[in-house]
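Below is one structure; the comments refer to it alone.
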Amino acid sequence: MEWLRTEYGRRCEEPERTRVNHTGIEWTEETWNIVRGCLMVSPGCENCYAMRFAHRLSGPGKPYEGLTRMTEHGPKWNGEVRLVPEKLEEPLRWRKPRRVFVNSMSDLLHEKVPDDFIARAFDVMRRASWHDFQILTKRADRIPDLDRFVEWPENVWMGVSVENEEVLLDRVDHLRRSGAQIKWLSVEPLLGPLPSSLDLTGIDWVVVGGESGSRARPMAPDWAQGVRDRCVEQGVPFFFKQWGNFGPDGVRRRGKKANGRELAGRIWDDYPEALPRAATRAHEAQFLPVIS
């Protein structure tokens, strides 16, 4: 059996198209990194896991060479961005339907990513209709502008990161104004309470999670439960991803695995109604050519 190493350093069997790659991200099944490099834009970026992973792969000749810098607070993005066009058509080779996180190591809507590259990515997502693609951005002001040059396929879930009340309204309003058919919020890391008046009109899914890593900041249980309560009240599917490095009692423990994923006595693994469509599209892939 041949093996390859992913961008995260994990081993997985080759060929990749025959299996789903378990990413370690609870709400997705595959990652598709067609842009490398980023820049911090808000407090939620401070301890970004992608910066740490990228720095490990930033040596000469490695995928993230020249994209990070070391500081007294650990590795940080340096603002450089690199497109990876050779990876654009990867999802067309994955026959088994899966949820695909678009750019787990960057931001597709980074200001240095040109419109035509984004349009090419959307074209691939439209053609790979048996997958569900999960896009996440902190650059929400660019979302409404996508309506000018992309069609929004039903298998594309457009999301924004929300870490506190300060960024909430601006990012969610931009998301609501878009033509995306599935709209979602990643409230991770949750760094403070969101208002009890949180309006989820037009939002199809909410993910909440605490922060992991050596510099993790704690998440108070009532912050997470407050978002959960708003979702239940408004009928929005809710997914609790993790406590992170601090448990529900606010005490740092061995890590996110030890702290578990239970909130208020149960696991919350709800998804938007779009998910069942992926299973019904499974047969579609059998009759499409594999891109080599």
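Labels for the structure tokens follow display order: chains A, B, ..., residues from 1 in each chain, ligands from 1.
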
Among region 98-187 of chain A, which ones does DSSP place in strand (DSSP E), written as a list in words?
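Taking region 98-187 of chain A and keeping strand (DSSP E) only, one gets Arg99, Val100, Phe101, Val102, Asp132, Phe133, Gln134, Ile135, Leu136, Thr137, Val156, Trp157, Met158, Gly159, Val160, Ser161, Ile182, Lys183, Trp184, Leu185, Ser186 and Val187 of chain A.
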
Keeping only C-alpha atoms, write the selected residues as an mmCIF file, in the first residue's frame.
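Result written to result-v7.cif:
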```cif
data_model
loop_
_atom_site.group_PDB
_atom_site.id
_atom_site.type_symbol
_atom_site.label_atom_id
_atom_site.label_comp_id
_atom_site.auth_asym_id
_atom_site.auth_seq_id
_atom_site.Cartn_x
_atom_site.Cartn_y
_atom_site.Cartn_z
ATOM 1 C CA ARG A 99 -18.572 17.620 2.721
ATOM 2 C CA VAL A 100 -15.587 19.675 1.580
ATOM 3 C CA PHE A 101 -14.166 22.569 3.601
ATOM 4 C CA VAL A 102 -12.876 25.123 1.086
ATOM 5 C CA ASP A 132 -21.283 19.850 -0.504
ATOM 6 C CA PHE A 133 -18.737 22.687 -0.314
ATOM 7 C CA GLN A 134 -18.361 24.658 2.913
ATOM 8 C CA ILE A 135 -16.789 28.104 2.485
ATOM 9 C CA LEU A 136 -15.841 30.177 5.510
ATOM 10 C CA THR A 137 -14.572 33.774 5.538
ATOM 11 C CA VAL A 156 -22.270 25.573 -1.816
ATOM 12 C CA TRP A 157 -22.644 26.600 1.828
ATOM 13 C CA MET A 158 -21.409 30.161 2.368
ATOM 14 C CA GLY A 159 -20.352 30.946 5.938
ATOM 15 C CA VAL A 160 -18.807 33.711 8.019
ATOM 16 C CA SER A 161 -16.715 33.448 11.190
ATOM 17 C CA ILE A 182 -27.119 27.881 2.239
ATOM 18 C CA LYS A 183 -25.838 30.450 4.745
ATOM 19 C CA TRP A 184 -24.069 29.542 7.973
ATOM 20 C CA LEU A 185 -22.129 30.916 10.936
ATOM 21 C CA SER A 186 -18.959 29.505 12.477
ATOM 22 C CA VAL A 187 -18.995 30.931 15.989
#
```

Using only C-alpha atoms, tabulate the residues of region 176-235 of chain A lying at most 8 Å from any atom of region 246-270 of chain A, each with its closest atom pair and that distance in Å to one decimal, by chain and increasing residue number, as CSV.
```
residue,atom,partner,partner_atom,distance
A:Gly210,CA,A:Phe246,CA,7.7
A:Glu211,CA,A:Phe246,CA,7.9
A:Ser212,CA,A:Lys256,CA,6.5
A:Gly213,CA,A:Gly255,CA,7.9
A:Ala216,CA,A:Phe246,CA,7.8
A:Arg217,CA,A:Phe246,CA,7.7
A:Pro218,CA,A:Phe246,CA,5.5
A:Met219,CA,A:Phe246,CA,7.2
A:Ala220,CA,A:Gly250,CA,6.8
A:Pro221,CA,A:Pro248,CA,5.6
A:Gln225,CA,A:Leu263,CA,7.4
```

Find the residues around region 192-207 of chain A up to 8 Å (only C-alpha atoms counted), leave out those fewer than 2 positions away in its own chain, and share them as a ChimeraX atom specification.
/A:163-165,176,182-188,190,209,219-220,222-224,226-227,230-231,234,236-241,271-272

Go ahead and write the selection's residues with C-alpha atoms as a CSV table (one decimal), in the first residue's frame.
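Written file, part.csv:
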```
chain,number,residue,atom,x,y,z
A,163,GLU,CA,-16.0,35.4,17.4
A,164,ASN,CA,-17.8,38.1,19.4
A,165,GLU,CA,-20.5,40.7,19.3
A,176,ARG,CA,-27.6,37.7,4.3
A,182,ILE,CA,-27.1,27.9,2.2
A,183,LYS,CA,-25.8,30.5,4.7
A,184,TRP,CA,-24.1,29.5,8.0
A,185,LEU,CA,-22.1,30.9,10.9
A,186,SER,CA,-19.0,29.5,12.5
A,187,VAL,CA,-19.0,30.9,16.0
A,188,GLU,CA,-15.5,29.7,16.8
A,190,LEU,CA,-16.4,32.1,20.8
A,209,GLY,CA,-16.7,26.0,19.4
A,219,MET,CA,-15.2,30.0,26.5
A,220,ALA,CA,-17.9,30.4,29.2
A,222,ASP,CA,-23.4,30.3,29.1
A,223,TRP,CA,-22.0,31.9,25.9
A,224,ALA,CA,-22.3,28.6,24.0
A,226,GLY,CA,-27.0,31.2,24.7
A,227,VAL,CA,-26.3,30.7,21.0
A,230,ARG,CA,-31.3,31.1,20.0
A,231,CYS,CA,-30.9,28.4,17.5
A,234,GLN,CA,-35.6,30.0,15.8
A,236,VAL,CA,-31.8,26.7,13.1
A,237,PRO,CA,-29.7,23.5,13.1
A,238,PHE,CA,-27.0,23.8,15.8
A,239,PHE,CA,-23.6,22.0,15.9
A,240,PHE,CA,-21.4,22.1,18.9
A,241,LYS,CA,-17.8,21.4,17.7
A,271,TYR,CA,-26.8,20.0,9.9
A,272,PRO,CA,-28.8,22.1,7.4
```

Among the residues of region 72-256 of chain A, find those DSSP assigns to alpha helix (DSSP H) from the backbone and print them as a PyMOL selection string.
chain A and resi 115-127+165-176+221-234+256

For Gly74 (chain A): contacts at 9 Å, only C-alpha atoms, fewer than 4 positions along chain excluded, given as a VMD selection string
chain A and resid 47 51 to 52 69 to 70

Of the residues A:Thr28, A:Pro75, A:Ile34, A:Gly235, which is the one nearest to Tyr49 (chain A), using only C-alpha atoms?
A:Pro75
